[in-house]
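Asks: I am attaching a structure below and will ask some questions about it afterwards.
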Amino acid sequence: MIGASIGRGAMAIINAMVRGLSSAGVHPNILTTIGVTINVLCGVLFGLGEFFWAGVVLILANLFDMLDGNVARLSGRVSQFGSFLDSSLDRVSDMVCFIGIMIFYARDIPQHSTLNVYLAGMGLLGSVMVSYTTAKSEGFGIKANVGFLQRPERIVLFIIGGLSTWNWESTSFFANRMTQVLWVLAIGSFWTFLQRMFYTWFEMRKMDESNQ
């Protein structure tokens, strides 16, 4: 009951922002560009070790990610280029977070971790391949948006890892969870990539059989 009330309240605020931005004539592509710019700042904060603030900034950045599409629909400015721009810049937003984390753990600091650098690199590669297989399969008329670790889940995991890291010296069970997040991102991204590969193969087999 409380969760549903919070959700309705959040959606009411977002809808009010969408109406205001649409009435003001703000172009949705501008919102998309602002969102990726804020995500770049998030990557910089990760690289500097300011994980908590990176998590806060990531929440703000993805608010714009929710706004641009809704503003485009309400203002009648939905376009193929807008969709292309949004999808392309989403990839940049993902990659800058991974790169920032890799830079942090590669530095000569007490938190240095070669393992975490590799995990972040695997997560980056896996997330790119998840997006690539989806785009490539759509070229064959197959919508392979399957798998449990898609972009919204990756964002939530980044936020959890960031917000949990408010004090590097903390021994709390809930503190400094980025390493665990990186394991989930690395394994989950590749698992989702393989799911989409198998799904596309299965659908192509059905298409080939129907054409015989």
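Labeling convention for the structure tokens: chains A, B, ... as they appear, residues from 1 per chain, ligands from 1 in order of appearance.
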Select from region 43-119 of chain A everything DSSP, run on the backbone, classes as alpha helix (DSSP H), then give the selection as a ChimeraX atom specification.

Replies: /A:43-48,51-75,80-106,114-119

Asks: Write the selection just made, keeping C-alpha atoms, as a PDB file, in the first residue's frame?

Replies:
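Output contents, as saved in again_5.pdb:
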ATOM      1  CA  GLY A  43      31.386   8.453 -14.714  1.00  0.00           C
ATOM      2  CA  VAL A  44      33.817  11.152 -13.602  1.00  0.00           C
ATOM      3  CA  LEU A  45      32.567  10.850 -10.013  1.00  0.00           C
ATOM      4  CA  PHE A  46      33.038   7.079 -10.111  1.00  0.00           C
ATOM      5  CA  GLY A  47      36.582   7.610 -11.397  1.00  0.00           C
ATOM      6  CA  LEU A  48      37.309   9.999  -8.527  1.00  0.00           C
ATOM      7  CA  PHE A  51      30.640   6.564  -5.445  1.00  0.00           C
ATOM      8  CA  PHE A  52      27.810   7.847  -3.252  1.00  0.00           C
ATOM      9  CA  TRP A  53      27.451  11.091  -5.192  1.00  0.00           C
ATOM     10  CA  ALA A  54      27.763   9.178  -8.449  1.00  0.00           C
ATOM     11  CA  GLY A  55      24.710   7.166  -7.371  1.00  0.00           C
ATOM     12  CA  VAL A  56      22.787  10.349  -6.568  1.00  0.00           C
ATOM     13  CA  VAL A  57      23.737  11.920  -9.916  1.00  0.00           C
ATOM     14  CA  LEU A  58      22.772   8.703 -11.724  1.00  0.00           C
ATOM     15  CA  ILE A  59      19.239   8.977 -10.322  1.00  0.00           C
ATOM     16  CA  LEU A  60      19.000  12.529 -11.682  1.00  0.00           C
ATOM     17  CA  ALA A  61      20.402  11.520 -15.069  1.00  0.00           C
ATOM     18  CA  ASN A  62      17.840   8.789 -15.517  1.00  0.00           C
ATOM     19  CA  LEU A  63      15.038  11.159 -14.635  1.00  0.00           C
ATOM     20  CA  PHE A  64      15.849  12.864 -17.936  1.00  0.00           C
ATOM     21  CA  ASP A  65      15.856   9.437 -19.589  1.00  0.00           C
ATOM     22  CA  MET A  66      12.232   9.019 -18.487  1.00  0.00           C
ATOM     23  CA  LEU A  67      11.264  12.536 -19.498  1.00  0.00           C
ATOM     24  CA  ASP A  68      12.519  12.726 -23.077  1.00  0.00           C
ATOM     25  CA  GLY A  69      10.325   9.978 -24.526  1.00  0.00           C
ATOM     26  CA  ASN A  70       7.220  11.150 -22.658  1.00  0.00           C
ATOM     27  CA  VAL A  71       7.767  14.760 -23.737  1.00  0.00           C
ATOM     28  CA  ALA A  72       8.237  13.599 -27.348  1.00  0.00           C
ATOM     29  CA  ARG A  73       4.926  11.718 -27.293  1.00  0.00           C
ATOM     30  CA  LEU A  74       2.963  14.486 -25.568  1.00  0.00           C
ATOM     31  CA  SER A  75       4.327  17.233 -27.820  1.00  0.00           C
ATOM     32  CA  GLN A  80      13.069   8.133 -35.925  1.00  0.00           C
ATOM     33  CA  PHE A  81      16.159  10.248 -35.313  1.00  0.00           C
ATOM     34  CA  GLY A  82      15.036  10.955 -31.743  1.00  0.00           C
ATOM     35  CA  SER A  83      14.728   7.233 -31.116  1.00  0.00           C
ATOM     36  CA  PHE A  84      18.126   6.627 -32.734  1.00  0.00           C
ATOM     37  CA  LEU A  85      19.741   9.405 -30.673  1.00  0.00           C
ATOM     38  CA  ASP A  86      18.229   8.133 -27.427  1.00  0.00           C
ATOM     39  CA  SER A  87      19.367   4.554 -28.074  1.00  0.00           C
ATOM     40  CA  SER A  88      22.871   5.617 -29.124  1.00  0.00           C
ATOM     41  CA  LEU A  89      23.439   7.925 -26.158  1.00  0.00           C
ATOM     42  CA  ASP A  90      22.130   5.246 -23.788  1.00  0.00           C
ATOM     43  CA  ARG A  91      25.156   3.171 -24.806  1.00  0.00           C
ATOM     44  CA  VAL A  92      27.450   6.082 -23.963  1.00  0.00           C
ATOM     45  CA  SER A  93      25.732   6.482 -20.586  1.00  0.00           C
ATOM     46  CA  ASP A  94      26.340   2.822 -19.769  1.00  0.00           C
ATOM     47  CA  MET A  95      29.965   2.854 -20.867  1.00  0.00           C
ATOM     48  CA  VAL A  96      31.065   5.977 -18.977  1.00  0.00           C
ATOM     49  CA  CYS A  97      29.916   4.422 -15.681  1.00  0.00           C
ATOM     50  CA  PHE A  98      31.894   1.241 -16.333  1.00  0.00           C
ATOM     51  CA  ILE A  99      34.954   3.200 -17.476  1.00  0.00           C
ATOM     52  CA  GLY A 100      34.828   5.457 -14.402  1.00  0.00           C
ATOM     53  CA  ILE A 101      34.737   2.414 -12.115  1.00  0.00           C
ATOM     54  CA  MET A 102      37.604   0.767 -14.015  1.00  0.00           C
ATOM     55  CA  ILE A 103      39.710   3.935 -13.701  1.00  0.00           C
ATOM     56  CA  PHE A 104      39.058   4.130  -9.947  1.00  0.00           C
ATOM     57  CA  TYR A 105      40.020   0.547  -9.173  1.00  0.00           C
ATOM     58  CA  ALA A 106      43.070   0.754 -11.482  1.00  0.00           C
ATOM     59  CA  THR A 114      42.704  -5.692 -10.512  1.00  0.00           C
ATOM     60  CA  LEU A 115      39.801  -8.109 -10.115  1.00  0.00           C
ATOM     61  CA  ASN A 116      37.279  -5.265 -10.023  1.00  0.00           C
ATOM     62  CA  VAL A 117      38.880  -3.725 -13.115  1.00  0.00           C
ATOM     63  CA  TYR A 118      38.381  -7.025 -14.972  1.00  0.00           C
ATOM     64  CA  LEU A 119      34.830  -7.422 -13.659  1.00  0.00           C
TER      65      LEU A 119
END

Asks: Would you pick out the contacts of Ile187 (chain A) at 10 Å or less, using only C-alpha atoms, so that residues sharing its chain but fewer than 4 positions from it are not included, and give the list as a PDB file with C-alpha atoms, in the first residue's frame?

Replies:
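Listed below is the output, selection_37.pdb:
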ATOM      1  CA  LEU A 119      34.830  -7.422 -13.659  1.00  0.00           C
ATOM      2  CA  MET A 122      33.498  -7.797 -18.545  1.00  0.00           C
ATOM      3  CA  GLY A 123      30.334  -5.948 -17.537  1.00  0.00           C
ATOM      4  CA  GLY A 126      28.627  -7.845 -21.933  1.00  0.00           C
ATOM      5  CA  LEU A 149      19.744  -8.006 -16.962  1.00  0.00           C
ATOM      6  CA  LEU A 182      30.254  -5.837 -10.490  1.00  0.00           C
ATOM      7  CA  TRP A 183      30.028  -9.626 -10.181  1.00  0.00           C
ATOM      8  CA  TRP A 191      24.167 -14.490 -19.482  1.00  0.00           C
ATOM      9  CA  THR A 192      21.661 -12.080 -21.028  1.00  0.00           C
ATOM     10  CA  PHE A 193      23.835 -11.835 -24.154  1.00  0.00           C
TER      11      PHE A 193
END

Asks: Quick one: residues within 12 Å of Glu138 (chain A), only C-alpha atoms counted, chain neighbours fewer than 4 positions away excluded, as a list of chain:residue names?

Replies: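 After dropping sequence-adjacent residues, the list is A:Ser131, A:Tyr132, A:Thr133, A:Thr134, A:Ile142, A:Lys143, A:Ala144, A:Asn145, A:Arg196, A:Thr200, A:Glu203, A:Met204.
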
Asks: For the selection just defined, write its residues with C-alpha atoms to a file, as a tab-separated table (two decimals), in the first residue's frame.

Replies:
chain	number	residue	atom	x	y	z
A	131	SER	CA	22.59	-3.99	-26.97
A	132	TYR	CA	24.30	-5.07	-30.21
A	133	THR	CA	22.50	-8.41	-30.47
A	134	THR	CA	19.17	-6.66	-29.89
A	142	ILE	CA	13.18	-10.34	-34.48
A	143	LYS	CA	12.65	-8.46	-31.21
A	144	ALA	CA	15.13	-10.20	-28.92
A	145	ASN	CA	14.58	-8.11	-25.80
A	196	ARG	CA	19.50	-13.24	-26.75
A	200	THR	CA	17.54	-15.14	-32.06
A	203	GLU	CA	13.42	-17.55	-33.96
A	204	MET	CA	15.52	-17.70	-37.14

Asks: Pick out the closest residue to Gly147 (chain A) from this set: A:Ser127, A:Asn167, A:Asn29, A:Gln180. Count only C-alpha atoms.

Replies: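 Going through A:Ser127, A:Asn167, A:Asn29, A:Gln180 one by one, the smallest distance to Gly147 (chain A) is for A:Ser127.
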
Asks: Could you check the closest approach to Ile155 (chain A) for each of A:Ile34, A:Asp208, A:Arg77, A:Val181 and tell me which residue wins, using only C-alpha atoms?

Replies: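 Result for the nearest residue to Ile155 (chain A): A:Val181.
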